[in-house]
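In what follows, a structure is listed as structure tokens, so that the remarks can point back to it.
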Protein chains: 6
Amino acid sequence: MNVVVQNIERADQSVIDRLANCGVATVHEAQGRKGLLASYMRPIYSGACIAGSAVTILAPPCDNWMVHVAIEQIKPGDVLVLATTSPSDAGYFGDLLATSAQARGCLGLIIDAGVRDIKDLTEMQFPVWSKAIGAQGTVKETLGSVNVPVVCAGAALNAGDIIVADDDGVCVVAREEAAEVADKSEARVALEEEKRQRLAGGELGLDMYKMRERLAEKGLKYV
Amino acid sequence: MNVVVQNIERADQSVIDRLANCGVATVHEAQGRKGLLASYMRPIYSGACIAGSAVTILAPPCDNWMVHVAIEQIKPGDVLVLATTSPSDAGYFGDLLATSAQARGCLGLIIDAGVRDIKDLTEMQFPVWSKAIGAQGTVKETLGSVNVPVVCAGAALNAGDIIVADDDGVCVVAREEAAEVADKSEARVALEEEKRQRLAGGELGLDMYKMRERLAEKGLKYV
Amino acid sequence: MNVVVQNIERADQSVIDRLANCGVATVHEAQGRKGLLASYMRPIYSGACIAGSAVTILAPPCDNWMVHVAIEQIKPGDVLVLATTSPSDAGYFGDLLATSAQARGCLGLIIDAGVRDIKDLTEMQFPVWSKAIGAQGTVKETLGSVNVPVVCAGAALNAGDIIVADDDGVCVVAREEAAEVADKSEARVALEEEKRQRLAGGELGLDMYKMRERLAEKGLKYV
Amino acid sequence: MNVVVQNIERADQSVIDRLANCGVATVHEAQGRKGLLASYMRPIYSGACIAGSAVTILAPPCDNWMVHVAIEQIKPGDVLVLATTSPSDAGYFGDLLATSAQARGCLGLIIDAGVRDIKDLTEMQFPVWSKAIGAQGTVKETLGSVNVPVVCAGAALNAGDIIVADDDGVCVVAREEAAEVADKSEARVALEEEKRQRLAGGELGLDMYKMRERLAEKGLKYV
Amino acid sequence: MNVVVQNIERADQSVIDRLANCGVATVHEAQGRKGLLASYMRPIYSGACIAGSAVTILAPPCDNWMVHVAIEQIKPGDVLVLATTSPSDAGYFGDLLATSAQARGCLGLIIDAGVRDIKDLTEMQFPVWSKAIGAQGTVKETLGSVNVPVVCAGAALNAGDIIVADDDGVCVVAREEAAEVADKSEARVALEEEKRQRLAGGELGLDMYKMRERLAEKGLKYV
Amino acid sequence: MNVVVQNIERADQSVIDRLANCGVATVHEAQGRKGLLASYMRPIYSGACIAGSAVTILAPPCDNWMVHVAIEQIKPGDVLVLATTSPSDAGYFGDLLATSAQARGCLGLIIDAGVRDIKDLTEMQFPVWSKAIGAQGTVKETLGSVNVPVVCAGAALNAGDIIVADDDGVCVVAREEAAEVADKSEARVALEEEKRQRLAGGELGLDMYKMRERLAEKGLKYV
């Protein structure tokens with residue numbers, strides 16, 4: 001029942017890099033407004049923007065044993081994603097585990113639980129998106145699983161899916177759809193750049209998007 | 001039923017500027033401890049302090065169409081205030097809308113819902129006080145209203161009322177009371193500066209405010 | 001019933017300093033994973049790390065009178081700890097009180113309620129860990145007590161106990177146990193430094209902690 | 001600044017009774033989906049359904065003095081509505097106040113704070129919709145106001161507005177709109193009764209509301 | 001992108017009935033402590049205990065159009081499960097929809113959003129487990145999907161999976177595992193009945209489960 | 001470090017019975033408005049009112065092993081009080097444990113975590129006040145302690161202290177103060193009975209408590 005899936009498939013690195021450049025809000029829109037994790041998942045420091053393949057951890061409450069197991073499965077460019085089998089705010093992850101994960105090439109952690117050693121992680125520039133910050137320790141008593149499908153912060157995902165995370169939150173892209181979503185995301189970015197120029201010049205969205213007629217049809221009254 | 005009120009009255013700019021200089025905590029005290037929005041309204045970055053006339057938006061849940069309509073009503077120095085008709089954490093506002101609002105002279109946004117593109121908004125120095133941060137997108141399907149009275153984060157306000165916002169939160173001052181509140185706020189600031197000097201020098205509040213006798217009367221025992 | 005306990009016992013300053021150097025997560029672990037305050041207690045700015053003897057305040061809701069009383073009891077190196085008799089998010093503490101407390105040598109404030117004047121407190125480098133940020137004012141009408149035992153953010157503590165606080169949260173160490181906890185904390189720090197070197201070099205926790213056998217015994221399957 | 005408004009206007013009793021018969025969900029729809037209080041306002045027991053004119057109380061946190069003042073202003077058929085100037089879960093109201101209010105003809109209480117003596121209130125059949133249940137006591141030290149406009153649980157209302165409350169929550173109807181809303185509510189009830197018969201007979205909403213064509217136009221695919 | 005999957009596979013009715021008899025806590029344990037929905041999902045009235053095949057609805061926020069579409073897909077003994085694409089507390093479901101669903105043989109509703117007409121639903125004995133109770137209405141503007149995989153209250157599930165719900169909450173059993181889980185659940189029930197007799201007779205769990213030795217080994221001290 | 005304290009002192013049964021008759025709100029007032037547990041502690045069914053000596057349990061998160069240990073320490077009339085070392089909503093307690101506890105004379109459970117088998121516990125009339133209801137199971141892996149001082153739902157208490165619990169919540173009375181609090185509680189009950197008669201007869205609290213003069217002094221204006 002407790003398994004470690006060792007050889008997961010990953011998307012092309014070039015596709016992952018393109019998703020990282022687009023950011024969470026754009027990727028989320030480009031794939032049809034799905035895949036967002038709950039908005040309580042917040043970064044421990046501002047400004048990080050990453051994308052990588054998910055190495056998933058399904059952990060018992062207050063037990064971080066499986067994180068050690070998962071770190072062995074990391075390939076450079078991966079992102080750890082930890083879900084729990086019962087809600088927990090305990091601090092599963094701190095600077096020692098970050099040191100080990102970073103040494104394996106891990107880009108960051110998404111954790112539906114707590115994290116600690118915030119100051120050290122910030123200095124190391126190891127970004128974490130978490131439900132809580134807290135020093136409460138954990139144990140190493142009960143097995144979980146690695147690289148099984150999980151529900152993390154309300155979103156279902158599989159190992160090898162692509163995690164995109166920045167100051168806006170965290171979004172997951174299914175591995176099979178990654179290339180298509182990257183195409184659509186880049187198209188949005190190009191389009192938005194043009195719009196930005198026009199809006200910065202003072203043109204109104206009402207005119208640029210030709211909204212006035214439809215607003216009038218729906219019955220909006222100016223008084 | 002869905003209206004855009006076009007010509008709202010605004011307070012004198014000089015009064016608004018005086019309120020901005022005093023900050024939220026002082027203004028709130030000066031007007032008799034009223035007008036604060038709920039404390040869950042937090043700034044997306046630290047250090048901003050603004051005051052401006054409210055251009056109000058009453059929006060349906062997960063629908064940001066009315067923001068476009070409201071931007072046309074902005075005059076330089078205004079602040080957008082968005083309330084929803086049903087609770088929503090969706091990301092109604094991002095960098096494109098901010099570009100457009102900023103081009104019209106808007107100073108910032110108060111939103112009882114979610115905001116996204118946090119990194120861009122921070123770089124643009126367009127401050128937002130919001131209930132949530134989240135990339136979840138919105139649609140443009142249903143009408144709302146602009147410049148009608150709203151209840152935003154638990155506080156009732158009218159278009160043209162003055163919004164003061166800083167790291168302590170958000171406070172609203174009724175337009176009719178703005179000059180009087182500015183007077184009282186500045187008086188408090190002057191008084192506090194004098195107190196600060198004395199307290200920094202080691203004088204105790206117990207002595208400065210002559211509290212010892214009243215504490216004893218109420219029955220406080222030193223043991 | 002309302003008392004101010006004047007001469008509280010404090011731990012040795014050298015012991016307190018050693019705890020400050022170790023930080024919350026380490027101290028919490030070293031004393032057997034107890035003493036943490038609730039994780040909703042967050043610092044108003046990042047990077048502060050303090051330890052000091054608790055001067056406790058038990059305050060009525062929305063009434064900060066007792067803070068003035070407590071400030072007189074502060075000795076250099078102390079930390080104020082405020083608990084309320086009923087939940088309150090009001091802003092009990094701002095820049096004037098911080099000026100006064102800092103003039104007495106106070107290192108910071110732990111408050112299970114609200115704080116305001118965030119920008120000023122940040123500039124003064126007076127750190128506060130609080131449940132809320134909010135400008136809502138308080139009154140000076142009702143007595144409370146100073147230096148009595150309190151329950152603050154879910155943790156029971158006595159005046160003179162040592163408060164350790166950093167970006168990870170807040171932890172309390174009983175005065176009687178402080179020296180022993182400092183010893184154990186420093187031992188952990190030394191041990192962790194060695195582990196960090198090995199993990200940074202690429203050694204796996206699975207090998208360093210010799211976990212593989214026990215994982216297999218428990219039934220973990222690699223697939 | 002602290003006032004008691006003594007002679008408030010009330011809607012016709014017959015209109016109020018008609019609103020009571022329609023219930024919260026219907027009245028809310030009939031007046032254009034506005035006027036709901038936050039959904040955290042829950043009844044202390046199931047099955048009550050009331051409507052009455054609001055006698056409003058604006059109370060300081062943890063101070064129920066103004067409830068005594070407000071009870072004198074009650075006329076038979078009124079409903080007490082208590083808002084606070086700062087959030088509080090304290091138990092402002094219990095069986096003694098309910099006895100007094102009921103003796104004056106009060107139908108119930110809407111309170112954005114706590115209530116206690118739940119068992120007694122249930123036996124007296126005095127319904128309360130509250131944010132919290134809790135025994136924490138209050139004091140009688142600070143003035144508030146009676147029959148001023150308040151924001152209660154996120155909704156703005158005036159004294160004399162009609163409160164409708166049942167197991168679904170609480171809704172406020174502006175006094176001036178009460179007759180019109182009663183007409184529209186009764187029209188909805190009549191219409192719903194007919195629909196209920198047809199749905200109970202097995203007819204599908206898809207057919208009854210002729211939704212199939214519009215669903216196909218929007219692009220819904222059956223697979 | 002918006003689809004209605006029409007012919008879903010369902011488990012044997014006899015298996016479903018066996019799961020209903022065992023209840024949520026037992027089924028959850030029997031399948032290895034997985035499949036629970038978040039504990040905020042509460043029944044609108046006490047005492048209901050149901051099991052049925054999930055007809056899933058993925059709905060936009062504040063839009064209940066897809067419920068009408070889903071009702072056509074119901075077969076006797078099914079349970080509706082509604083997840084939203086963005087958090088919403090709106091009242092998606094009331095007595096008319098319940099009348100229609102009940103006419104098709106639906107046993108109840110699991111909804112990660114709000115429900116209304118609580119009094120009517122209770123009288124009809126149509127049980128609902130929901131995140132919220134609220135009268136806030138919804139619209140019929142935007143498509144969603146029916147019988148696609150959803151994440152509801154933190155749990156991932158597919159159409160045709162078995163929902164078990166009672167006063168303890170809601171649990172989902174994968175269709176493929178239903179028979180095995182029913183076997184294990186009934187075995188637990190039989191075992192528990194025997195234990196209950198012994199415990200009721202005064203035997204201690206410490207003795208019945210032979211815990212004393214292991215407690216001593218772990219170091220528990222009696223003082 | 002993990003201990004079971006076996007012979008705790010208890011208050012006189014007659015004193016405990018007198019406290020049970022007075023109820024939580026009265027006892028809380030009588031002892032100076034202290035000792036309440038957080039208001040999130042709610043009864044699983046309405047109408048129970050108990051008082052008994054606390055047998056305390058300090059349990060690890062999601063581990064109910066210590067409950068078995070504690071049951072052996074129960075004497076007739078005791079109440080179990082479970083606090084956790086880290087927040088947990090797991091279902092620590094169900095019908096089997098209740099059967100065992102009830103066989104030992106236990107009156108009920110106060111648990112700052114989750115409980116399950118709600119329907120069975122209601123039928124057995126074994127009352128529980130809990131933070132959550134949930135079927136999520138627990139393990140029996142890690143030691144805790146029994147009859148040590150704990151902080152439960154924000155209140156500090158010792159084994160042998162008296163727990164009073166009813167529909168209003170939970171209050172703790174220190175064992176040493178129990179007789180005095182019982183005296184004061186009964187005095188309040190007598191006084192309240194007389195007041196109730198007068199208020200039911202229509203006398204106003206304003207007159208009965210002679211409040212009018214003090215209200216005028218404080219500046220209340222009737223308009």
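Numbering starts fresh at 1 for the residues of each chain in the structure tokens, the chains themselves are lettered A, B, ... in the order given, and ligands are numbered from 1 as they appear.
Using only C-alpha atoms, the part of chain E that sits within 9 Å of chain B is made up of Pro61, Cys62, Thr85, Ser86, Pro87, Ser88, Asp89, Ala90, Gln136, Gly137, Glu141 and Thr142 of chain E.
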Can you pull out every residue within 10 Å of segment 31-37 of chain C, counting only C-alpha atoms, but drop anything in the same chain fewer than 3 positions away, and send it as an mmCIF file with C-alpha atoms, in the first residue's frame?
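Dumped everything to around_25.cif:
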```cif
data_model
loop_
_atom_site.group_PDB
_atom_site.id
_atom_site.type_symbol
_atom_site.label_atom_id
_atom_site.label_comp_id
_atom_site.auth_asym_id
_atom_site.auth_seq_id
_atom_site.Cartn_x
_atom_site.Cartn_y
_atom_site.Cartn_z
ATOM 1 C CA GLY A 134 5.421 26.984 12.114
ATOM 2 C CA ALA A 135 8.192 25.493 14.144
ATOM 3 C CA GLN A 136 6.161 22.525 15.385
ATOM 4 C CA GLY A 137 8.291 19.466 14.770
ATOM 5 C CA THR A 138 7.398 16.173 13.145
ATOM 6 C CA VAL C 24 12.665 29.003 17.686
ATOM 7 C CA ALA C 25 12.695 25.752 15.747
ATOM 8 C CA THR C 26 15.791 24.451 17.504
ATOM 9 C CA VAL C 27 14.713 25.526 20.990
ATOM 10 C CA HIS C 28 11.292 23.984 20.485
ATOM 11 C CA TYR C 40 -1.234 32.496 13.668
ATOM 12 C CA MET C 41 1.264 34.624 15.601
ATOM 13 C CA ILE C 110 4.183 39.210 21.652
ATOM 14 C CA ASP C 112 -2.522 37.752 21.018
ATOM 15 C CA VAL C 151 -2.460 31.689 28.283
ATOM 16 C CA CYS C 152 -1.218 33.466 25.165
ATOM 17 C CA ALA C 153 -2.085 32.079 21.720
ATOM 18 C CA GLY C 154 -2.760 28.700 23.277
ATOM 19 C CA ALA C 155 0.382 28.415 25.406
ATOM 20 C CA ALA C 156 0.450 28.777 29.181
ATOM 21 C CA LEU C 157 3.329 30.843 30.551
ATOM 22 C CA ILE C 163 10.314 34.065 25.067
ATOM 23 C CA VAL C 164 12.180 33.147 21.886
ATOM 24 C CA ALA C 165 10.747 34.601 18.661
ATOM 25 C CA GLY C 169 6.984 31.977 15.300
ATOM 26 C CA VAL C 170 7.180 32.183 19.071
ATOM 27 C CA CYS C 171 8.260 29.649 21.684
ATOM 28 C CA VAL C 172 8.283 29.860 25.472
ATOM 29 C CA VAL C 173 10.855 28.188 27.732
ATOM 30 C CA ALA C 174 10.103 27.782 31.422
ATOM 31 C CA GLU C 177 14.400 24.780 32.445
ATOM 32 C CA ALA C 178 16.188 27.521 30.535
ATOM 33 C CA GLU C 180 19.094 22.858 30.346
ATOM 34 C CA VAL C 181 17.228 23.808 27.176
ATOM 35 C CA ALA C 182 20.075 26.102 26.149
ATOM 36 C CA LYS C 184 20.372 20.907 24.471
ATOM 37 C CA SER C 185 19.717 23.580 21.853
ATOM 38 C CA MET F 1 8.845 12.567 30.153
ATOM 39 C CA THR F 85 0.581 18.692 21.309
ATOM 40 C CA SER F 86 -0.051 19.905 17.747
#
```
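In this model, the gap between atom CA of Arg116 of chain A and atom CA of Ala132 of chain A comes to 9.0 Å.
Excluding segment 193-197 of chain A itself and any same-chain residue fewer than 2 positions from it, the protein and nucleic acid residues within 10 Å of it, counting only C-alpha atoms, are Arg188, Val189, Ala190, Leu191, Leu199, Ala200, Gly201, Gly202, Glu203, Gly205, Met208 and Tyr209 of chain A; Asp95, Leu96, Leu97, Ala98, Thr99 and Ser100 of chain B.
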Could the residues in this selection be written to a file with C-alpha atoms, as a PDB file, in the first residue's frame?
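The resulting result-v1.pdb:
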```pdb
ATOM      1  CA  ARG A 188      -1.470  35.302 -24.291  1.00  0.00           C
ATOM      2  CA  VAL A 189       1.750  36.981 -23.212  1.00  0.00           C
ATOM      3  CA  ALA A 190       2.286  38.405 -26.689  1.00  0.00           C
ATOM      4  CA  LEU A 191      -1.280  39.629 -26.864  1.00  0.00           C
ATOM      5  CA  LEU A 199      -3.791  50.892 -22.091  1.00  0.00           C
ATOM      6  CA  ALA A 200      -0.671  52.680 -20.867  1.00  0.00           C
ATOM      7  CA  GLY A 201      -1.307  55.226 -23.607  1.00  0.00           C
ATOM      8  CA  GLY A 202      -4.700  55.982 -22.151  1.00  0.00           C
ATOM      9  CA  GLU A 203      -6.958  53.935 -24.395  1.00  0.00           C
ATOM     10  CA  GLY A 205     -10.647  48.831 -22.135  1.00  0.00           C
ATOM     11  CA  MET A 208     -10.219  48.447 -26.945  1.00  0.00           C
ATOM     12  CA  TYR A 209     -12.439  45.434 -26.203  1.00  0.00           C
TER      13      TYR A 209
ATOM     14  CA  ASP B  95      -1.404  44.188 -14.321  1.00  0.00           C
ATOM     15  CA  LEU B  96      -3.379  45.148 -17.418  1.00  0.00           C
ATOM     16  CA  LEU B  97      -6.181  46.766 -15.452  1.00  0.00           C
ATOM     17  CA  ALA B  98      -3.589  48.431 -13.238  1.00  0.00           C
ATOM     18  CA  THR B  99      -1.839  49.841 -16.283  1.00  0.00           C
ATOM     19  CA  SER B 100      -5.108  51.274 -17.492  1.00  0.00           C
TER      20      SER B 100
END
```
Residues near Leu204 of chain B, cut-off 10 Å, only C-alpha atoms, skip fewer than 6 positions along chain, as a compact mmCIF listing (two decimals) with N, CA, C and O atoms, in the first residue's frame:
```txt
# COMPACT_ATOMS: atom_id res chain seq x y z
N ARG B 198 8.89 62.89 24.86
CA ARG B 198 8.95 62.66 26.30
C ARG B 198 9.10 61.17 26.62
O ARG B 198 9.88 60.79 27.50
N LYS B 210 -0.88 60.91 33.88
CA LYS B 210 -1.42 60.98 35.25
C LYS B 210 -2.42 59.86 35.53
O LYS B 210 -3.56 60.08 35.94
N HIS C 68 0.51 50.41 29.69
CA HIS C 68 1.23 51.49 30.38
C HIS C 68 1.75 51.02 31.74
O HIS C 68 2.88 51.34 32.13
N VAL C 69 0.92 50.28 32.44
CA VAL C 69 1.34 49.76 33.75
C VAL C 69 2.52 48.80 33.60
O VAL C 69 3.48 48.84 34.39
N ILE C 71 4.80 48.65 31.27
CA ILE C 71 6.07 49.24 30.79
C ILE C 71 6.96 49.65 31.97
O ILE C 71 8.18 49.52 31.91
N GLU C 72 6.32 50.08 33.08
CA GLU C 72 7.11 50.46 34.25
C GLU C 72 7.87 49.25 34.82
O GLU C 72 8.88 49.42 35.50
N LEU C 97 3.64 53.69 22.30
CA LEU C 97 3.95 52.68 23.31
C LEU C 97 5.29 52.01 23.01
O LEU C 97 6.06 51.70 23.93
N SER C 100 8.08 54.19 24.18
CA SER C 100 8.22 54.12 25.63
C SER C 100 8.87 52.80 26.07
O SER C 100 9.79 52.77 26.88
N ALA C 101 8.40 51.70 25.50
CA ALA C 101 8.94 50.39 25.86
C ALA C 101 10.41 50.28 25.46
O ALA C 101 11.25 49.79 26.23
N ALA C 103 12.52 52.67 25.15
CA ALA C 103 13.32 53.52 26.04
C ALA C 103 13.65 52.80 27.35
O ALA C 103 14.64 53.12 28.02
N ARG C 104 12.82 51.83 27.74
CA ARG C 104 13.07 51.05 28.95
C ARG C 104 13.91 49.83 28.68
O ARG C 104 14.16 49.04 29.60
```
Problem - In segment 96-180 of chain A, DSSP strand (DSSP E) residues written as a ChimeraX atom specification - result: /A:108-115,128-133,145-146,150-152,155-157,162-166,169-173
If we count only C-alpha atoms and set the cut-off at 9 Å, which residues sit around Asp17 of chain D, ignoring sequence neighbours fewer than 5 positions away in its own chain? Please answer as a tab-separated table (two decimals) with N, CA, C and O atoms, in the first residue's frame.
```
chain	number	residue	atom	x	y	z
D	12	ASP	N	-45.82	48.84	7.38
D	12	ASP	CA	-47.12	48.28	7.79
D	12	ASP	C	-46.96	46.84	8.28
D	12	ASP	O	-46.24	46.05	7.67
D	22	CYS	N	-43.01	34.40	3.32
D	22	CYS	CA	-42.25	34.02	2.12
D	22	CYS	C	-40.87	33.42	2.46
D	22	CYS	O	-40.35	32.61	1.70
D	50	ILE	N	-39.03	34.40	11.27
D	50	ILE	CA	-39.62	35.65	11.76
D	50	ILE	C	-39.39	36.79	10.77
D	50	ILE	O	-38.50	36.74	9.93
D	51	ALA	N	-40.22	37.83	10.91
D	51	ALA	CA	-39.98	39.11	10.23
D	51	ALA	C	-40.44	40.21	11.18
D	51	ALA	O	-41.46	40.06	11.87
D	52	GLY	N	-39.67	41.30	11.21
D	52	GLY	CA	-40.05	42.41	12.09
D	52	GLY	C	-39.21	43.64	11.78
D	52	GLY	O	-38.21	43.56	11.05
```
If you run DSSP over the backbone, which residues in segment 39-104 of chain A end up helix (DSSP H, G or I)? Put them as a PDB file with N, CA, C and O atoms, in the first residue's frame.
```pdb
ATOM      1  N   TRP A  65       8.888  11.675   7.414  1.00  0.00           N
ATOM      2  CA  TRP A  65       9.820  10.624   7.001  1.00  0.00           C
ATOM      3  C   TRP A  65       9.913  10.507   5.480  1.00  0.00           C
ATOM      4  O   TRP A  65      10.995  10.337   4.907  1.00  0.00           O
ATOM      5  N   MET A  66       8.768  10.597   4.827  1.00  0.00           N
ATOM      6  CA  MET A  66       8.735  10.379   3.379  1.00  0.00           C
ATOM      7  C   MET A  66       9.479  11.465   2.600  1.00  0.00           C
ATOM      8  O   MET A  66       9.817  11.263   1.428  1.00  0.00           O
ATOM      9  N   VAL A  67       9.723  12.610   3.230  1.00  0.00           N
ATOM     10  CA  VAL A  67      10.480  13.643   2.514  1.00  0.00           C
ATOM     11  C   VAL A  67      11.889  13.138   2.214  1.00  0.00           C
ATOM     12  O   VAL A  67      12.410  13.326   1.111  1.00  0.00           O
ATOM     13  N   HIS A  68      12.484  12.453   3.170  1.00  0.00           N
ATOM     14  CA  HIS A  68      13.810  11.870   2.940  1.00  0.00           C
ATOM     15  C   HIS A  68      13.767  10.866   1.792  1.00  0.00           C
ATOM     16  O   HIS A  68      14.673  10.823   0.954  1.00  0.00           O
ATOM     17  N   VAL A  69      12.720  10.078   1.764  1.00  0.00           N
ATOM     18  CA  VAL A  69      12.586   9.087   0.683  1.00  0.00           C
ATOM     19  C   VAL A  69      12.434   9.784  -0.666  1.00  0.00           C
ATOM     20  O   VAL A  69      13.018   9.366  -1.670  1.00  0.00           O
ATOM     21  N   ALA A  70      11.662  10.857  -0.665  1.00  0.00           N
ATOM     22  CA  ALA A  70      11.384  11.552  -1.934  1.00  0.00           C
ATOM     23  C   ALA A  70      12.627  12.230  -2.496  1.00  0.00           C
ATOM     24  O   ALA A  70      12.806  12.294  -3.718  1.00  0.00           O
ATOM     25  N   ILE A  71      13.468  12.735  -1.609  1.00  0.00           N
ATOM     26  CA  ILE A  71      14.638  13.487  -2.097  1.00  0.00           C
ATOM     27  C   ILE A  71      15.523  12.624  -3.000  1.00  0.00           C
ATOM     28  O   ILE A  71      16.079  13.105  -3.982  1.00  0.00           O
ATOM     29  N   ASP A  95      15.676  23.833   7.078  1.00  0.00           N
ATOM     30  CA  ASP A  95      16.877  24.126   6.288  1.00  0.00           C
ATOM     31  C   ASP A  95      17.719  22.900   5.958  1.00  0.00           C
ATOM     32  O   ASP A  95      18.358  22.852   4.903  1.00  0.00           O
ATOM     33  N   LEU A  96      17.712  21.872   6.814  1.00  0.00           N
ATOM     34  CA  LEU A  96      18.508  20.687   6.490  1.00  0.00           C
ATOM     35  C   LEU A  96      17.933  19.962   5.286  1.00  0.00           C
ATOM     36  O   LEU A  96      18.664  19.590   4.356  1.00  0.00           O
ATOM     37  N   LEU A  97      16.635  19.751   5.279  1.00  0.00           N
ATOM     38  CA  LEU A  97      16.015  19.091   4.134  1.00  0.00           C
ATOM     39  C   LEU A  97      16.174  19.939   2.867  1.00  0.00           C
ATOM     40  O   LEU A  97      16.380  19.406   1.777  1.00  0.00           O
ATOM     41  N   ALA A  98      16.101  21.260   3.028  1.00  0.00           N
ATOM     42  CA  ALA A  98      16.276  22.133   1.865  1.00  0.00           C
ATOM     43  C   ALA A  98      17.690  22.014   1.306  1.00  0.00           C
ATOM     44  O   ALA A  98      17.897  22.015   0.089  1.00  0.00           O
ATOM     45  N   THR A  99      18.654  21.917   2.219  1.00  0.00           N
ATOM     46  CA  THR A  99      20.038  21.749   1.784  1.00  0.00           C
ATOM     47  C   THR A  99      20.191  20.475   0.962  1.00  0.00           C
ATOM     48  O   THR A  99      20.807  20.469  -0.117  1.00  0.00           O
ATOM     49  N   SER A 100      19.582  19.411   1.459  1.00  0.00           N
ATOM     50  CA  SER A 100      19.666  18.129   0.767  1.00  0.00           C
ATOM     51  C   SER A 100      18.941  18.177  -0.576  1.00  0.00           C
ATOM     52  O   SER A 100      19.460  17.722  -1.600  1.00  0.00           O
ATOM     53  N   ALA A 101      17.741  18.764  -0.584  1.00  0.00           N
ATOM     54  CA  ALA A 101      16.960  18.831  -1.829  1.00  0.00           C
ATOM     55  C   ALA A 101      17.668  19.705  -2.858  1.00  0.00           C
ATOM     56  O   ALA A 101      17.738  19.364  -4.048  1.00  0.00           O
ATOM     57  N   GLN A 102      18.212  20.820  -2.390  1.00  0.00           N
ATOM     58  CA  GLN A 102      18.890  21.743  -3.304  1.00  0.00           C
ATOM     59  C   GLN A 102      20.139  21.091  -3.901  1.00  0.00           C
ATOM     60  O   GLN A 102      20.466  21.305  -5.074  1.00  0.00           O
ATOM     61  N   ALA A 103      20.809  20.285  -3.085  1.00  0.00           N
ATOM     62  CA  ALA A 103      21.986  19.581  -3.581  1.00  0.00           C
ATOM     63  C   ALA A 103      21.624  18.611  -4.707  1.00  0.00           C
ATOM     64  O   ALA A 103      22.461  18.269  -5.543  1.00  0.00           O
TER      65      ALA A 103
END
```
